[in-house]
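Visitor: Here it is, the structure, as structure tokens.
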Amino acid sequence: MEDGGHIIQMPRVKLGSQGLEVSRLGLGCAGLSGYYNDPLSHEAGCSVIREAFRNGVTFFDTSDIYGENHDNEILLSKALKELPRAKVQLATKFGIMSLEGGKHAVFP
């Protein structure tokens with residue numbers, strides 16, 4: 001990748017046995033939607049994702065439990081519209097329920 005005259009070489013690794021390659025570093029997106037802290041605006045969250053991509057990160061992780069009403073997945077979809085989708089790998093988790101006391105369970 002080239003950015004402002006600098007070349008950023010992010011190492012890549014194979015994921016699984018189907019030939020998929022991802023950046024060695026990924027971005028877990030939970031913190032963008034308030035899972036661990038106060039949520040960022042979608043504008044600020046998209047800016048973080050764009051900056052990570054400019055720095056060679058192509059592997060992004062989300063879940064339907066991050067943020068209210070699928071907020072993290074919506075934020076990530078907005079950011080992906082601004083990136084070359086064929087160069088981005090996305091991981092997600094689903095079917096997780098929030099329980100009282102900060103516990104989680106998987107839908108049966």
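As shown in the structure tokens, the chain order sets the letters A, B, ...; within each chain, residues go from 1, and ligands are also counted from 1 in the order they appear.
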Compile the contact shell of Leu40 in chain A as a ChimeraX atom specification: residues with an atom at most 12 Å away, counting only C-alpha atoms, same-chain residues fewer than 4 positions apart removed.
Guide: /A:29-36,44-49,67,71-72,75
Visitor: Apply DSSP to the structure's backbone, then extract all residues of chain A labelled strand (DSSP E or B) and return them as number ranges by chain.
Guide: A: 2-3, 6-7, 12-15, 20-23, 26-28, 59-63, 89-93, 96-98, 104-106
Visitor: What does the file look like for those residues with C-alpha atoms, as a PDB file, in the first residue's frame?
Guide:
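Final file, out_25.pdb:
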ATOM      1  CA  GLU A   2       1.168   3.489  -0.665  1.00  0.00           C
ATOM      2  CA  ASP A   3       0.043   6.406   1.462  1.00  0.00           C
ATOM      3  CA  HIS A   6       5.189   5.968   2.439  1.00  0.00           C
ATOM      4  CA  ILE A   7       4.899   2.275   1.693  1.00  0.00           C
ATOM      5  CA  ARG A  12      -0.391 -11.334   5.600  1.00  0.00           C
ATOM      6  CA  VAL A  13      -1.267 -14.823   6.796  1.00  0.00           C
ATOM      7  CA  LYS A  14      -3.391 -17.636   5.410  1.00  0.00           C
ATOM      8  CA  LEU A  15      -6.640 -18.207   7.263  1.00  0.00           C
ATOM      9  CA  LEU A  20      -7.950 -16.821   2.121  1.00  0.00           C
ATOM     10  CA  GLU A  21      -5.241 -14.379   3.183  1.00  0.00           C
ATOM     11  CA  VAL A  22      -5.770 -11.652   5.763  1.00  0.00           C
ATOM     12  CA  SER A  23      -3.611  -8.970   7.346  1.00  0.00           C
ATOM     13  CA  GLY A  26      -6.925  -7.207  12.460  1.00  0.00           C
ATOM     14  CA  LEU A  27      -9.204  -4.602  13.962  1.00  0.00           C
ATOM     15  CA  GLY A  28     -11.746  -5.728  16.521  1.00  0.00           C
ATOM     16  CA  PHE A  59      -9.280  -7.968   8.536  1.00  0.00           C
ATOM     17  CA  PHE A  60     -12.146  -6.506  10.583  1.00  0.00           C
ATOM     18  CA  ASP A  61     -14.170  -8.249  13.303  1.00  0.00           C
ATOM     19  CA  THR A  62     -17.712  -7.361  14.369  1.00  0.00           C
ATOM     20  CA  SER A  63     -20.778  -8.921  16.002  1.00  0.00           C
ATOM     21  CA  GLN A  89     -12.038  -9.511   4.983  1.00  0.00           C
ATOM     22  CA  LEU A  90     -14.837  -9.402   7.522  1.00  0.00           C
ATOM     23  CA  ALA A  91     -15.450 -11.723  10.474  1.00  0.00           C
ATOM     24  CA  THR A  92     -18.656 -11.640  12.475  1.00  0.00           C
ATOM     25  CA  LYS A  93     -20.354 -13.516  15.266  1.00  0.00           C
ATOM     26  CA  ILE A  96     -25.178 -14.195  21.254  1.00  0.00           C
ATOM     27  CA  MET A  97     -27.584 -12.947  23.954  1.00  0.00           C
ATOM     28  CA  SER A  98     -26.796 -10.457  26.694  1.00  0.00           C
ATOM     29  CA  HIS A 104     -23.599 -13.793  27.669  1.00  0.00           C
ATOM     30  CA  ALA A 105     -25.092 -16.949  26.197  1.00  0.00           C
ATOM     31  CA  VAL A 106     -25.509 -18.414  22.738  1.00  0.00           C
TER      32      VAL A 106
END
Visitor: Run DSSP on the backbone of this structure and report the residues of range 6-104 of chain A it assigns to alpha helix (DSSP H), as a PyMOL selection string.
Guide: chain A and resi 42-54+71-80
Visitor: Could you save the residues just selected, with C-alpha atoms, as a PDB file, in the first residue's frame?
Guide:
ATOM      1  CA  HIS A  42     -20.396   6.708  12.896  1.00  0.00           C
ATOM      2  CA  GLU A  43     -18.254   9.419  11.323  1.00  0.00           C
ATOM      3  CA  ALA A  44     -15.466   8.896  13.882  1.00  0.00           C
ATOM      4  CA  GLY A  45     -15.781   5.094  13.722  1.00  0.00           C
ATOM      5  CA  CYS A  46     -15.544   5.115   9.919  1.00  0.00           C
ATOM      6  CA  SER A  47     -12.475   7.320  10.223  1.00  0.00           C
ATOM      7  CA  VAL A  48     -10.803   4.736  12.499  1.00  0.00           C
ATOM      8  CA  ILE A  49     -11.615   1.945  10.037  1.00  0.00           C
ATOM      9  CA  ARG A  50     -10.331   3.943   7.053  1.00  0.00           C
ATOM     10  CA  GLU A  51      -7.103   4.764   8.904  1.00  0.00           C
ATOM     11  CA  ALA A  52      -6.582   1.118   9.855  1.00  0.00           C
ATOM     12  CA  PHE A  53      -7.063   0.148   6.191  1.00  0.00           C
ATOM     13  CA  ARG A  54      -4.590   2.832   5.071  1.00  0.00           C
ATOM     14  CA  ASP A  71     -24.951  -0.461  15.499  1.00  0.00           C
ATOM     15  CA  ASN A  72     -21.462  -1.897  14.959  1.00  0.00           C
ATOM     16  CA  GLU A  73     -22.460  -3.834  11.863  1.00  0.00           C
ATOM     17  CA  ILE A  74     -24.186  -0.733  10.457  1.00  0.00           C
ATOM     18  CA  LEU A  75     -21.115   1.416  11.178  1.00  0.00           C
ATOM     19  CA  LEU A  76     -18.833  -1.137   9.520  1.00  0.00           C
ATOM     20  CA  SER A  77     -21.104  -1.335   6.461  1.00  0.00           C
ATOM     21  CA  LYS A  78     -20.841   2.446   6.049  1.00  0.00           C
ATOM     22  CA  ALA A  79     -17.049   2.271   6.232  1.00  0.00           C
ATOM     23  CA  LEU A  80     -16.888  -0.623   3.766  1.00  0.00           C
TER      24      LEU A  80
END
Visitor: Distance CA of Gly56 in chain A-CA of Gly16 in chain A, one decimal place?
Guide: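 Taking CA of Gly56 in chain A and CA of Gly16 in chain A, their separation equals 20.3 Å.
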Visitor: Which of these residues is nearest to His70 in chain A, using only C-alpha atoms: A:Met10, A:Phe94, A:Pro108, A:Asp38?
Guide: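 Answer, going by the shortest atom-to-atom distance: A:Phe94.
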Visitor: Mind giving me the straight-line distance from CA of Pro84 in chain A to CA of Pro11 in chain A in Å, one decimal?
Guide: 18.7 Å
Visitor: Rounded to one decimal, what separation in Å do you get between CA of Lys81 in chain A and CA of Tyr66 in chain A?
Guide: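 Computing the Euclidean distance for CA of Lys81 in chain A and CA of Tyr66 in chain A yields 19.7 Å.
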